[in-house]
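Okay, so here's the structure we're looking at.
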2 protein chains.
Amino acid sequence: MTTQVNVRQDAYPTRDSEYTTVVDRHDPVVHDWDSAGPLSVQELQSYDATGYLTIDELLSPEELQQCRDELQGLAQDPDVKADEATVTEAESNEVRSIFNIHRTNAIFKKLANDPRLVRRVEQLLGSKVYVHQSRINYKPGFVGKEFGWHSDFETWHAEDGLPTPRAASISISLTDNYSFNGPLMIMPGSHKKYVRCAGGTPEDNYKKSLVMQGAGVPDRATLTEFADNYGIDVLEGPAGGAIIFDSNCMHASNGNVTPYSRSNIFLVYNSVENTAEEPFAAASPRPEFIGSTDFTPAGD
Amino acid sequence: MTTQVNVRQDAYPTRDSEYTTVVDRHDPVVHDWDSAGPLSVQELQSYDATGYLTIDELLSPEELQQCRDELQGLAQDPDVKADEATVTEAESNEVRSIFNIHRTNAIFKKLANDPRLVRRVEQLLGSKVYVHQSRINYKPGFVGKEFGWHSDFETWHAEDGLPTPRAASISISLTDNYSFNGPLMIMPGSHKKYVRCAGGTPEDNYKKSLVMQGAGVPDRATLTEFADNYGIDVLEGPAGGAIIFDSNCMHASNGNVTPYSRSNIFLVYNSVENTAEEPFAAASPRPEFIGSTDFTPAGD
(Lines give C-alpha, C1' and ligand atoms only; values in the text may rest on other atoms or scores of the structure.)
Protein backbone atom coordinates (compact mmCIF):
# COMPACT_ATOMS: atom_id res chain seq x y z
CA MET A 1 0.00 0.00 0.00
CA THR A 2 1.25 3.50 -0.80
CA THR A 3 0.20 6.72 0.87
CA GLN A 4 -0.31 9.58 -1.50
CA VAL A 5 0.39 13.05 -0.19
CA ASN A 6 -0.57 16.08 -2.19
CA VAL A 7 2.21 18.61 -1.74
CA ARG A 8 1.40 22.00 -3.14
CA GLN A 9 3.96 23.32 -5.53
CA ASP A 10 5.65 26.51 -4.32
CA ALA A 11 8.46 27.95 -6.38
CA TYR A 12 8.96 30.78 -3.84
CA PRO A 13 8.72 29.43 -0.29
CA THR A 14 9.04 32.00 2.50
CA ARG A 15 8.52 32.53 6.26
CA ASP A 16 9.16 28.83 6.79
CA SER A 17 12.48 28.87 8.61
CA GLU A 18 14.40 30.84 11.18
CA TYR A 19 16.93 31.91 8.54
CA THR A 20 16.82 34.34 5.63
CA THR A 21 18.07 32.81 2.38
CA VAL A 22 18.52 34.23 -1.10
CA VAL A 23 17.72 32.29 -4.27
CA ASP A 24 17.51 33.13 -7.96
CA ARG A 25 14.24 34.23 -9.43
CA HIS A 26 12.84 31.41 -11.59
CA ASP A 27 10.60 33.48 -13.83
CA PRO A 28 11.21 36.08 -16.53
CA VAL A 29 10.83 39.79 -15.82
CA VAL A 30 9.72 40.83 -19.31
CA HIS A 31 7.23 38.41 -20.87
CA ASP A 32 6.65 39.94 -24.28
CA TRP A 33 9.67 41.10 -26.27
CA ASP A 34 7.94 41.01 -29.64
CA SER A 35 5.11 43.55 -29.53
CA ALA A 36 5.51 46.81 -31.40
CA GLY A 37 4.95 48.92 -28.30
CA PRO A 38 4.11 51.05 -26.44
CA LEU A 39 7.44 50.30 -24.73
CA SER A 40 10.57 50.29 -26.88
CA VAL A 41 13.10 47.46 -26.83
CA GLN A 42 15.48 49.79 -24.99
CA GLU A 43 12.88 50.39 -22.33
CA LEU A 44 12.19 46.67 -22.00
CA GLN A 45 15.92 45.98 -21.68
CA SER A 46 16.27 48.65 -19.03
CA TYR A 47 13.27 47.30 -17.11
CA ASP A 48 14.65 43.79 -17.35
CA ALA A 49 18.04 44.89 -16.01
CA THR A 50 17.00 47.31 -13.26
CA GLY A 51 13.46 46.22 -12.42
CA TYR A 52 11.91 49.61 -13.09
CA LEU A 53 11.12 52.28 -15.69
CA THR A 54 10.27 55.94 -15.24
CA ILE A 55 7.78 57.93 -17.32
CA ASP A 56 8.46 61.65 -17.15
CA GLU A 57 4.96 62.83 -18.00
CA LEU A 58 2.15 60.33 -17.77
CA LEU A 59 -0.64 62.68 -16.68
CA SER A 60 -1.44 65.97 -18.38
CA PRO A 61 -1.49 69.05 -16.12
CA GLU A 62 -5.31 68.94 -16.18
CA GLU A 63 -5.44 65.26 -15.24
CA LEU A 64 -2.91 65.87 -12.48
CA GLN A 65 -5.02 68.68 -11.05
CA GLN A 66 -8.14 66.52 -11.18
CA CYS A 67 -6.41 63.71 -9.29
CA ARG A 68 -5.06 66.13 -6.69
CA ASP A 69 -8.48 67.66 -6.13
CA GLU A 70 -9.98 64.21 -5.74
CA LEU A 71 -7.27 63.24 -3.26
CA GLN A 72 -7.88 66.38 -1.19
CA GLY A 73 -11.59 65.65 -1.10
CA LEU A 74 -11.05 62.04 0.01
CA ALA A 75 -8.52 62.94 2.72
CA GLN A 76 -11.02 65.31 4.31
CA ASP A 77 -14.04 63.00 4.07
CA PRO A 78 -14.85 61.61 7.55
CA ASP A 79 -16.54 58.54 6.03
CA VAL A 80 -13.39 57.75 4.05
CA LYS A 81 -11.18 58.26 7.13
CA ALA A 82 -13.33 55.86 9.15
CA ASP A 83 -13.38 53.19 6.42
CA GLU A 84 -11.38 49.99 6.95
CA ALA A 85 -9.73 50.58 3.56
CA THR A 86 -8.09 53.73 4.97
CA VAL A 87 -4.84 53.50 6.94
CA THR A 88 -3.73 56.35 9.21
CA GLU A 89 -0.24 57.25 10.47
CA ALA A 90 0.59 55.48 13.74
CA GLU A 91 1.52 58.66 15.63
CA SER A 92 -0.22 61.60 13.97
CA ASN A 93 -3.46 59.86 12.87
CA GLU A 94 -3.17 61.58 9.49
CA VAL A 95 -4.34 59.58 6.48
CA ARG A 96 -1.52 57.47 5.08
CA SER A 97 -3.22 55.29 2.45
CA ILE A 98 -6.66 54.76 0.97
CA PHE A 99 -7.04 51.34 -0.64
CA ASN A 100 -9.34 49.95 -3.30
CA ILE A 101 -9.75 53.27 -5.12
CA HIS A 102 -9.99 51.56 -8.51
CA ARG A 103 -13.36 50.22 -7.41
CA THR A 104 -14.69 52.91 -5.09
CA ASN A 105 -13.86 56.07 -7.02
CA ALA A 106 -14.89 56.90 -10.59
CA ILE A 107 -11.83 59.00 -11.43
CA PHE A 108 -9.32 56.43 -10.21
CA LYS A 109 -11.32 53.59 -11.78
CA LYS A 110 -10.97 55.30 -15.14
CA LEU A 111 -7.26 55.87 -14.55
CA ALA A 112 -6.67 52.24 -13.58
CA ASN A 113 -8.22 51.18 -16.91
CA ASP A 114 -6.41 53.82 -18.97
CA PRO A 115 -4.67 52.26 -22.01
CA ARG A 116 -1.51 54.33 -21.35
CA LEU A 117 -1.06 52.24 -18.20
CA VAL A 118 -2.66 48.95 -19.14
CA ARG A 119 -0.94 48.47 -22.51
CA ARG A 120 2.50 49.04 -21.01
CA VAL A 121 1.91 46.50 -18.28
CA GLU A 122 0.36 44.00 -20.70
CA GLN A 123 3.54 44.21 -22.71
CA LEU A 124 5.73 43.64 -19.65
CA LEU A 125 3.64 40.75 -18.36
CA GLY A 126 2.80 39.22 -21.76
CA SER A 127 -0.94 38.83 -21.15
CA LYS A 128 -4.09 40.60 -20.13
CA VAL A 129 -3.77 42.05 -16.62
CA TYR A 130 -6.12 42.89 -13.74
CA VAL A 131 -5.77 45.20 -10.76
CA HIS A 132 -4.63 43.21 -7.75
CA GLN A 133 -4.44 46.25 -5.46
CA SER A 134 -4.84 50.01 -5.68
CA ARG A 135 -4.27 52.82 -3.26
CA ILE A 136 -3.46 56.47 -2.78
CA ASN A 137 -0.40 57.02 -0.59
CA TYR A 138 0.13 60.23 1.30
CA LYS A 139 3.43 61.10 2.90
CA PRO A 140 2.60 64.31 4.76
CA GLY A 141 5.26 66.96 5.25
CA PHE A 142 7.03 67.22 8.64
CA VAL A 143 5.70 63.89 9.98
CA GLY A 144 5.79 61.45 7.04
CA LYS A 145 7.14 58.11 8.21
CA GLU A 146 9.64 55.80 6.58
CA PHE A 147 8.94 52.38 5.06
CA GLY A 148 11.67 49.74 5.37
CA TRP A 149 13.14 47.53 2.63
CA HIS A 150 10.94 44.79 1.25
CA SER A 151 9.81 42.96 -1.88
CA ASP A 152 6.09 43.40 -2.54
CA PHE A 153 5.94 40.02 -4.21
CA GLU A 154 7.07 38.26 -1.04
CA THR A 155 3.96 39.56 0.74
CA TRP A 156 1.62 39.09 -2.21
CA HIS A 157 2.82 35.51 -2.50
CA ALA A 158 2.77 34.70 1.22
CA GLU A 159 -0.42 36.51 2.16
CA ASP A 160 -2.41 36.98 -1.08
CA GLY A 161 -1.48 33.81 -2.97
CA LEU A 162 0.06 35.18 -6.18
CA PRO A 163 2.00 32.16 -7.50
CA THR A 164 4.85 34.00 -9.28
CA PRO A 165 6.18 37.58 -9.60
CA ARG A 166 4.35 38.13 -12.89
CA ALA A 167 3.05 41.45 -11.58
CA ALA A 168 4.08 45.09 -11.82
CA SER A 169 3.22 48.28 -9.96
CA ILE A 170 2.70 51.76 -11.32
CA SER A 171 3.28 54.64 -8.94
CA ILE A 172 1.92 57.91 -10.35
CA SER A 173 3.37 60.99 -8.64
CA LEU A 174 0.86 63.60 -7.55
CA THR A 175 3.58 65.77 -5.99
CA ASP A 176 7.19 66.41 -6.97
CA ASN A 177 9.62 63.79 -5.71
CA TYR A 178 12.82 65.26 -4.33
CA SER A 179 15.65 63.33 -2.75
CA PHE A 180 14.64 65.00 0.51
CA ASN A 181 10.93 64.24 0.85
CA GLY A 182 11.04 60.49 1.19
CA PRO A 183 10.96 59.32 -2.43
CA LEU A 184 10.88 55.71 -3.58
CA MET A 185 14.29 54.00 -3.38
CA ILE A 186 14.98 50.85 -5.39
CA MET A 187 17.97 48.53 -5.39
CA PRO A 188 18.32 48.12 -9.17
CA GLY A 189 18.73 44.49 -10.18
CA SER A 190 17.50 43.11 -6.85
CA HIS A 191 14.34 41.81 -8.56
CA LYS A 192 16.41 38.96 -10.03
CA LYS A 193 16.89 37.46 -6.57
CA TYR A 194 14.22 36.19 -4.24
CA VAL A 195 14.63 36.63 -0.51
CA ARG A 196 13.05 33.79 1.42
CA CYS A 197 12.26 35.57 4.67
CA ALA A 198 12.50 34.15 8.14
CA GLY A 199 9.64 33.58 10.56
CA GLY A 200 5.89 33.02 10.20
CA THR A 201 2.98 35.34 9.50
CA PRO A 202 1.06 36.61 12.54
CA GLU A 203 -2.73 36.58 12.28
CA ASP A 204 -4.12 39.80 10.77
CA ASN A 205 -0.54 40.78 9.97
CA TYR A 206 -1.79 43.23 7.36
CA LYS A 207 -3.18 45.61 9.98
CA LYS A 208 0.33 46.24 11.22
CA SER A 209 2.32 45.69 8.07
CA LEU A 210 0.57 48.44 6.13
CA VAL A 211 1.94 50.95 8.60
CA MET A 212 5.27 49.35 9.50
CA GLN A 213 6.63 46.16 7.97
CA GLY A 214 7.08 43.29 10.40
CA ALA A 215 6.84 39.80 8.86
CA GLY A 216 8.25 39.46 5.35
CA VAL A 217 11.24 41.67 6.07
CA PRO A 218 14.71 40.52 4.99
CA ASP A 219 17.33 40.55 7.73
CA ARG A 220 19.92 43.32 7.98
CA ALA A 221 22.81 41.23 6.74
CA THR A 222 20.95 40.38 3.53
CA LEU A 223 19.88 43.99 2.99
CA THR A 224 23.43 45.23 3.52
CA GLU A 225 24.75 42.68 1.01
CA PHE A 226 22.02 43.70 -1.46
CA ALA A 227 22.79 47.41 -1.08
CA ASP A 228 26.51 46.75 -1.56
CA ASN A 229 25.84 44.64 -4.67
CA TYR A 230 23.06 46.59 -6.35
CA GLY A 231 23.36 50.12 -5.00
CA ILE A 232 20.38 52.34 -4.23
CA ASP A 233 18.56 54.43 -6.86
CA VAL A 234 16.66 57.44 -5.50
CA LEU A 235 13.71 58.09 -7.79
CA GLU A 236 13.31 61.84 -8.06
CA GLY A 237 10.88 63.25 -10.60
CA PRO A 238 8.10 65.74 -11.21
CA ALA A 239 4.43 65.44 -10.39
CA GLY A 240 2.51 63.80 -13.21
CA GLY A 241 5.32 61.33 -13.91
CA ALA A 242 5.26 57.67 -13.01
CA ILE A 243 7.42 54.71 -12.07
CA ILE A 244 6.65 51.18 -13.23
CA PHE A 245 8.42 48.56 -11.16
CA ASP A 246 8.61 44.83 -10.90
CA SER A 247 6.81 43.21 -7.99
CA ASN A 248 10.02 41.66 -6.68
CA CYS A 249 12.17 44.85 -6.50
CA MET A 250 13.74 45.50 -3.10
CA HIS A 251 12.47 48.99 -2.28
CA ALA A 252 11.93 51.39 0.62
CA SER A 253 11.43 55.04 1.42
CA ASN A 254 12.77 57.34 4.12
CA GLY A 255 10.66 59.60 6.31
CA ASN A 256 9.97 63.22 5.45
CA VAL A 257 10.73 66.18 7.74
CA THR A 258 10.48 68.72 4.92
CA PRO A 259 7.35 70.83 4.36
CA TYR A 260 6.74 69.08 1.02
CA SER A 261 4.27 66.21 1.19
CA ARG A 262 4.62 63.27 -1.15
CA SER A 263 1.52 61.67 -2.62
CA ASN A 264 1.04 59.06 -5.28
CA ILE A 265 -1.48 56.72 -6.82
CA PHE A 266 -0.32 53.15 -6.59
CA LEU A 267 -1.77 50.53 -8.95
CA VAL A 268 -0.72 46.88 -8.89
CA TYR A 269 -1.35 44.87 -12.04
CA ASN A 270 -1.14 41.11 -12.06
CA SER A 271 -1.21 38.80 -15.08
CA VAL A 272 -4.55 37.01 -15.62
CA GLU A 273 -2.37 33.89 -15.96
CA ASN A 274 -1.08 34.42 -12.41
CA THR A 275 -4.32 34.95 -10.46
CA ALA A 276 -4.45 34.71 -6.68
CA GLU A 277 -4.73 31.28 -5.09
CA GLU A 278 -4.75 30.36 -1.41
CA PRO A 279 -1.99 32.23 0.49
CA PHE A 280 1.36 30.41 0.41
CA ALA A 281 2.39 31.36 3.96
CA ALA A 282 -0.62 32.66 5.87
CA ALA A 283 -3.69 31.08 7.45
CA SER A 284 -6.15 33.15 5.43
CA PRO A 285 -5.98 35.67 2.60
CA ARG A 286 -5.99 39.41 3.25
CA PRO A 287 -9.23 41.33 2.78
CA GLU A 288 -10.62 42.01 -0.68
CA PHE A 289 -9.75 45.73 -0.49
CA ILE A 290 -6.04 44.79 -0.25
CA GLY A 291 -5.88 41.75 -2.51
CA SER A 292 -8.58 41.58 -5.17
CA THR A 293 -10.16 38.34 -6.34
CA ASP A 294 -11.95 40.05 -9.21
CA PHE A 295 -9.78 38.96 -12.11
CA THR A 296 -11.62 40.92 -14.80
CA PRO A 297 -9.03 42.24 -17.27
CA ALA A 298 -8.33 45.97 -16.97
CA GLY A 299 -8.86 48.31 -19.88
CA ASP A 300 -11.18 46.06 -21.82
CA MET B 1 12.00 109.72 43.23
CA THR B 2 12.60 107.51 40.23
CA THR B 3 12.65 103.76 40.14
CA GLN B 4 15.47 102.38 38.11
CA VAL B 5 14.86 99.03 36.39
CA ASN B 6 17.74 97.21 34.80
CA VAL B 7 16.41 95.67 31.63
CA ARG B 8 18.84 93.23 30.06
CA GLN B 9 19.58 93.92 26.43
CA ASP B 10 18.50 91.09 24.12
CA ALA B 11 18.89 91.55 20.40
CA TYR B 12 17.35 88.11 19.74
CA PRO B 13 14.35 87.53 22.01
CA THR B 14 12.66 84.14 21.72
CA ARG B 15 10.15 81.82 23.42
CA ASP B 16 8.44 84.87 24.90
CA SER B 17 5.12 84.86 23.03
CA GLU B 18 2.53 82.49 21.65
CA TYR B 19 3.43 83.48 18.11
CA THR B 20 6.39 82.74 15.85
CA THR B 21 7.83 85.87 14.24
CA VAL B 22 10.66 86.40 11.78
CA VAL B 23 13.10 89.30 12.00
CA ASP B 24 16.31 90.26 10.24
CA ARG B 25 19.62 89.15 11.68
CA HIS B 26 21.36 92.18 13.20
CA ASP B 27 24.92 90.90 13.04
CA PRO B 28 27.35 90.11 10.25
CA VAL B 29 27.96 86.55 9.09
CA VAL B 30 31.60 87.02 8.03
CA HIS B 31 33.61 89.15 10.47
CA ASP B 32 37.01 89.30 8.79
CA TRP B 33 37.13 90.02 5.06
CA ASP B 34 40.73 91.22 5.08
CA SER B 35 42.92 88.30 6.13
CA ALA B 36 44.99 86.53 3.53
CA GLY B 37 43.39 83.12 4.25
CA PRO B 38 42.99 80.24 4.67
CA LEU B 39 39.57 80.95 3.13
CA SER B 40 39.48 82.79 -0.20
CA VAL B 41 37.28 85.83 -0.82
CA GLN B 42 35.08 83.62 -3.01
CA GLU B 43 34.64 81.17 -0.17
CA LEU B 44 33.80 83.98 2.24
CA GLN B 45 31.26 85.39 -0.21
CA SER B 46 29.65 81.99 -0.64
CA TYR B 47 29.52 81.44 3.13
CA ASP B 48 28.03 84.89 3.61
CA ALA B 49 25.32 84.21 1.00
CA THR B 50 24.38 80.61 1.81
CA GLY B 51 25.46 80.23 5.43
CA TYR B 52 27.74 77.26 4.77
CA LEU B 53 30.90 76.02 3.07
CA THR B 54 31.98 72.50 2.20
CA ILE B 55 35.54 71.14 2.35
CA ASP B 56 35.99 68.09 0.15
CA GLU B 57 38.92 66.57 1.98
CA LEU B 58 39.71 67.84 5.45
CA LEU B 59 41.04 64.61 6.97
CA SER B 60 43.67 62.42 5.34
CA PRO B 61 42.72 58.76 4.88
CA GLU B 62 44.93 57.89 7.88
CA GLU B 63 43.29 60.52 10.10
CA LEU B 64 39.87 59.37 8.98
CA GLN B 65 40.67 55.79 9.89
CA GLN B 66 42.01 56.85 13.28
CA CYS B 67 38.80 58.80 14.03
CA ARG B 68 36.63 55.89 12.93
CA ASP B 69 38.52 53.45 15.11
CA GLU B 70 38.17 55.79 18.05
CA LEU B 71 34.46 56.17 17.42
CA GLN B 72 33.99 52.38 17.28
CA GLY B 73 35.81 52.01 20.56
CA LEU B 74 33.73 54.68 22.29
CA ALA B 75 30.41 53.31 21.01
CA GLN B 76 31.20 49.92 22.52
CA ASP B 77 32.50 51.19 25.85
CA PRO B 78 29.87 50.54 28.58
CA ASP B 79 31.23 53.40 30.71
CA VAL B 80 30.78 55.81 27.81
CA LYS B 81 27.25 54.53 27.11
CA ALA B 82 26.27 55.04 30.75
CA ASP B 83 27.74 58.55 30.93
CA GLU B 84 25.38 61.54 31.06
CA ALA B 85 27.25 63.05 28.10
CA THR B 86 26.03 60.15 25.92
CA VAL B 87 22.59 60.29 24.31
CA THR B 88 20.90 57.12 23.04
CA GLU B 89 18.16 56.68 20.42
CA ALA B 90 14.68 56.86 21.97
CA GLU B 91 13.50 53.52 20.57
CA SER B 92 16.52 51.37 19.84
CA ASN B 93 18.78 52.52 22.72
CA GLU B 94 21.70 52.70 20.28
CA VAL B 95 24.22 55.49 20.89
CA ARG B 96 23.17 58.66 19.08
CA SER B 97 25.63 61.27 20.34
CA ILE B 98 28.61 61.51 22.67
CA PHE B 99 29.23 65.05 23.91
CA ASN B 100 32.25 66.86 25.25
CA ILE B 101 34.74 64.80 23.28
CA HIS B 102 37.10 67.77 22.86
CA ARG B 103 37.80 67.51 26.58
CA THR B 104 37.44 63.80 27.32
CA ASN B 105 39.29 62.25 24.38
CA ALA B 106 42.88 62.95 23.32
CA ILE B 107 42.35 62.37 19.60
CA PHE B 108 39.31 64.61 19.34
CA LYS B 109 40.95 67.24 21.59
CA LYS B 110 43.80 67.44 19.13
CA LEU B 111 41.41 67.65 16.21
CA ALA B 112 39.36 70.44 17.84
CA ASN B 113 42.57 72.47 18.18
CA ASP B 114 43.85 71.68 14.68
CA PRO B 115 44.84 74.86 12.81
CA ARG B 116 43.04 73.63 9.64
CA LEU B 117 39.79 74.04 11.54
CA VAL B 118 40.58 76.84 13.96
CA ARG B 119 42.13 79.28 11.45
CA ARG B 120 39.15 78.98 9.12
CA VAL B 121 36.68 79.71 11.90
CA GLU B 122 38.83 82.55 13.28
CA GLN B 123 38.63 84.16 9.87
CA LEU B 124 34.85 83.76 9.67
CA LEU B 125 34.29 85.07 13.20
CA GLY B 126 37.03 87.73 13.19
CA SER B 127 38.58 86.80 16.53
CA LYS B 128 40.02 84.00 18.57
CA VAL B 129 37.48 81.23 19.10
CA TYR B 130 36.78 78.56 21.73
CA VAL B 131 34.83 75.31 21.60
CA HIS B 132 31.31 75.88 22.89
CA GLN B 133 30.20 72.30 22.28
CA SER B 134 31.56 69.11 20.73
CA ARG B 135 30.08 65.76 19.96
CA ILE B 136 30.17 62.65 17.82
CA ASN B 137 26.88 61.97 16.07
CA TYR B 138 25.91 58.51 14.95
CA LYS B 139 22.99 57.91 12.63
CA PRO B 140 22.84 54.12 12.55
CA GLY B 141 21.64 52.33 9.44
CA PHE B 142 18.06 50.98 9.36
CA VAL B 143 16.90 52.83 12.50
CA GLY B 144 18.53 56.30 12.35
CA LYS B 145 15.98 58.90 13.34
CA GLU B 146 15.24 62.27 11.79
CA PHE B 147 15.94 65.68 13.31
CA GLY B 148 13.47 68.47 12.57
CA TRP B 149 14.22 72.00 11.29
CA HIS B 150 15.84 74.40 13.74
CA SER B 151 18.46 77.10 14.17
CA ASP B 152 21.19 76.07 16.60
CA PHE B 153 21.72 79.67 17.61
CA GLU B 154 18.15 79.98 18.86
CA THR B 155 18.85 77.24 21.41
CA TRP B 156 22.38 78.40 22.24
CA HIS B 157 21.00 81.88 22.86
CA ALA B 158 17.91 80.82 24.81
CA GLU B 159 19.44 78.02 26.86
CA ASP B 160 23.24 78.61 26.84
CA GLY B 161 23.36 82.41 26.82
CA LEU B 162 25.36 83.16 23.65
CA PRO B 163 24.51 86.83 22.99
CA THR B 164 24.77 86.86 19.18
CA PRO B 165 25.17 84.33 16.34
CA ARG B 166 28.93 84.89 16.14
CA ALA B 167 29.49 81.15 16.14
CA ALA B 168 30.04 78.45 13.53
CA SER B 169 29.90 74.67 13.48
CA ILE B 170 32.14 72.23 11.69
CA SER B 171 30.70 68.83 10.87
CA ILE B 172 33.42 66.37 9.82
CA SER B 173 32.05 63.35 7.95
CA LEU B 174 33.31 59.97 9.14
CA THR B 175 31.08 58.13 6.65
CA ASP B 176 29.96 58.98 3.13
CA ASN B 177 26.92 61.24 2.99
CA TYR B 178 24.39 60.19 0.37
CA SER B 179 21.05 61.81 -0.29
CA PHE B 180 19.49 58.62 1.08
CA ASN B 181 21.15 58.12 4.47
CA GLY B 182 19.86 61.16 6.29
CA PRO B 183 22.44 63.83 5.41
CA LEU B 184 22.46 67.41 6.67
CA MET B 185 19.93 69.62 4.88
CA ILE B 186 20.30 73.41 4.99
CA MET B 187 17.99 76.15 3.73
CA PRO B 188 20.64 78.36 2.09
CA GLY B 189 20.27 82.02 3.06
CA SER B 190 18.01 81.30 6.03
CA HIS B 191 20.81 82.38 8.41
CA LYS B 192 20.06 86.02 7.50
CA LYS B 193 16.69 85.79 9.26
CA TYR B 194 16.07 85.08 12.91
CA VAL B 195 13.03 83.08 13.94
CA ARG B 196 11.68 84.18 17.29
CA CYS B 197 10.05 80.96 18.43
CA ALA B 198 6.82 80.61 20.36
CA GLY B 199 6.43 79.23 23.86
CA GLY B 200 8.68 78.89 26.91
CA THR B 201 11.48 76.49 27.80
CA PRO B 202 10.50 73.49 29.95
CA GLU B 203 12.84 72.66 32.81
CA ASP B 204 15.64 70.28 31.77
CA ASN B 205 14.50 70.75 28.19
CA TYR B 206 17.87 69.55 26.94
CA LYS B 207 17.21 65.98 28.01
CA LYS B 208 14.41 65.79 25.47
CA SER B 209 15.62 68.23 22.86
CA LEU B 210 18.85 66.35 22.15
CA VAL B 211 16.77 63.43 20.93
CA MET B 212 13.78 65.23 19.46
CA GLN B 213 13.39 69.00 19.25
CA GLY B 214 10.46 70.43 21.21
CA ALA B 215 10.92 74.02 22.42
CA GLY B 216 12.78 76.30 20.02
CA VAL B 217 11.09 74.87 16.95
CA PRO B 218 9.66 77.25 14.32
CA ASP B 219 6.03 76.63 13.40
CA ARG B 220 5.08 74.83 10.19
CA ALA B 221 3.87 77.94 8.39
CA THR B 222 7.23 79.66 8.91
CA LEU B 223 9.17 76.57 7.84
CA THR B 224 7.07 76.21 4.70
CA GLU B 225 7.63 79.86 3.83
CA PHE B 226 11.36 79.46 4.47
CA ALA B 227 11.59 76.34 2.28
CA ASP B 228 9.68 78.07 -0.52
CA ASN B 229 11.94 81.14 -0.29
CA TYR B 230 15.34 79.56 0.27
CA GLY B 231 15.02 76.01 -1.04
CA ILE B 232 16.69 73.01 0.55
CA ASP B 233 20.31 72.00 -0.09
CA VAL B 234 21.11 68.33 0.55
CA LEU B 235 24.76 68.08 1.61
CA GLU B 236 26.16 64.94 0.06
CA GLY B 237 29.89 64.32 0.24
CA PRO B 238 32.60 61.77 0.97
CA ALA B 239 33.96 60.67 4.33
CA GLY B 240 36.83 62.88 5.40
CA GLY B 241 35.15 66.02 4.09
CA ALA B 242 33.54 68.70 6.23
CA ILE B 243 30.81 71.31 6.31
CA ILE B 244 31.25 74.64 8.09
CA PHE B 245 27.94 76.33 8.79
CA ASP B 246 26.68 79.43 10.49
CA SER B 247 25.01 78.98 13.88
CA ASN B 248 21.77 80.50 12.62
CA CYS B 249 21.21 78.28 9.53
CA MET B 250 17.83 76.55 9.40
CA HIS B 251 18.80 72.90 9.12
CA ALA B 252 17.46 69.38 9.60
CA SER B 253 18.06 65.77 8.61
CA ASN B 254 15.77 62.91 7.62
CA GLY B 255 15.86 59.44 9.13
CA ASN B 256 17.85 56.60 7.62
CA VAL B 257 16.40 53.22 6.57
CA THR B 258 19.40 52.34 4.41
CA PRO B 259 22.14 50.01 5.65
CA TYR B 260 24.65 52.88 5.55
CA SER B 261 25.19 54.60 8.89
CA ARG B 262 26.05 58.27 9.02
CA SER B 263 28.56 59.49 11.57
CA ASN B 264 30.25 62.81 12.06
CA ILE B 265 32.28 64.84 14.49
CA PHE B 266 30.52 68.05 15.34
CA LEU B 267 32.51 70.99 16.72
CA VAL B 268 30.94 74.32 17.65
CA TYR B 269 33.25 77.32 17.78
CA ASN B 270 32.17 80.57 19.37
CA SER B 271 33.98 83.92 19.27
CA VAL B 272 35.84 84.82 22.48
CA GLU B 273 34.08 88.17 22.11
CA ASN B 274 30.69 86.41 22.33
CA THR B 275 31.14 84.20 25.41
CA ALA B 276 28.19 82.61 27.19
CA GLU B 277 26.24 84.69 29.69
CA GLU B 278 23.12 83.75 31.64
CA PRO B 279 20.54 82.01 29.40
CA PHE B 280 18.24 84.45 27.59
CA ALA B 281 15.12 82.28 27.81
CA ALA B 282 15.67 79.50 30.34
CA ALA B 283 15.78 79.30 34.12
CA SER B 284 19.28 77.85 34.24
CA PRO B 285 22.05 77.07 31.78
CA ARG B 286 22.49 73.60 30.28
CA PRO B 287 25.20 71.35 31.73
CA GLU B 288 28.87 72.03 31.07
CA PHE B 289 29.19 69.03 28.71
CA ILE B 290 26.67 70.67 26.36
CA GLY B 291 27.55 74.35 26.73
CA SER B 292 31.11 75.01 27.81
CA THR B 293 32.09 77.90 30.09
CA ASP B 294 35.79 77.31 29.50
CA PHE B 295 36.55 80.15 27.11
CA THR B 296 40.21 79.29 26.53
CA PRO B 297 41.00 79.99 22.87
CA ALA B 298 41.33 76.89 20.70
CA GLY B 299 44.52 76.12 18.81
CA ASP B 300 46.78 78.30 20.90
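Every chain in the C-alpha coordinates takes a letter, A first, then B, and so on in the order presented; its residues are numbered from 1, and the ligands are numbered from 1 following the presented order.
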
Please determine the contact residues of chain B with respect to chain A at a cut-off of 10 Å, counting only C-alpha atoms, and supply them as a PyMOL selection string. chain B and resi 141-143+145-149+178-183+185+220-228+232-234+252-260

Where in stretch 50-215 of chain B does DSSP assign strand (DSSP E or B), given as a ChimeraX atom specification? /B:52-55,86-88,95-99,129-139,144,147-151,167-173,177,184-186,193-196,214

Closest of A:Ala112, A:Ala75, A:Val87, A:Ile265 to A:Val129 - atom-to-atom distances counting only C-alpha atoms: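 Result for the nearest residue to A:Val129: A:Ala112.
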
Shell around stretch 39-55 of chain A at 10 Å using only C-alpha atoms, local window under 3 positions removed, as a PyMOL selection string: chain A and resi 28-36+58-59+119-121+123-124+168-172+186-192+230+233+235-238+240-250

Shell of 10 Å around A:Asn270, only C-alpha atoms, local chain residues under 2 positions omitted, as a list in words: Val121, Glu122, Leu125, Ser127, Lys128, Val129, Tyr130, Val131, His132, Gln133, Leu162, Thr164, Pro165, Arg166, Ala167, Ala168, Ser169, Ser247, Leu267, Val268, Val272, Glu273, Asn274, Thr275, Ala276, Phe295, Pro297 and Ala298 of chain A

Separation of atom CA of B:Pro38 from atom CA of B:Asp176, in Å and rounded to one decimal: 25.0 Å

What is the atom CA of A:Ser284-atom CA of A:Thr88 distance in Å, reported with one decimal?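 Taking atom CA of A:Ser284 as the start and atom CA of A:Thr88 as the end point, the length is 23.6 Å.
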
Hey, can you check how far atom CA of A:Lys193 sits from atom CA of A:Val22? 6.6 Å
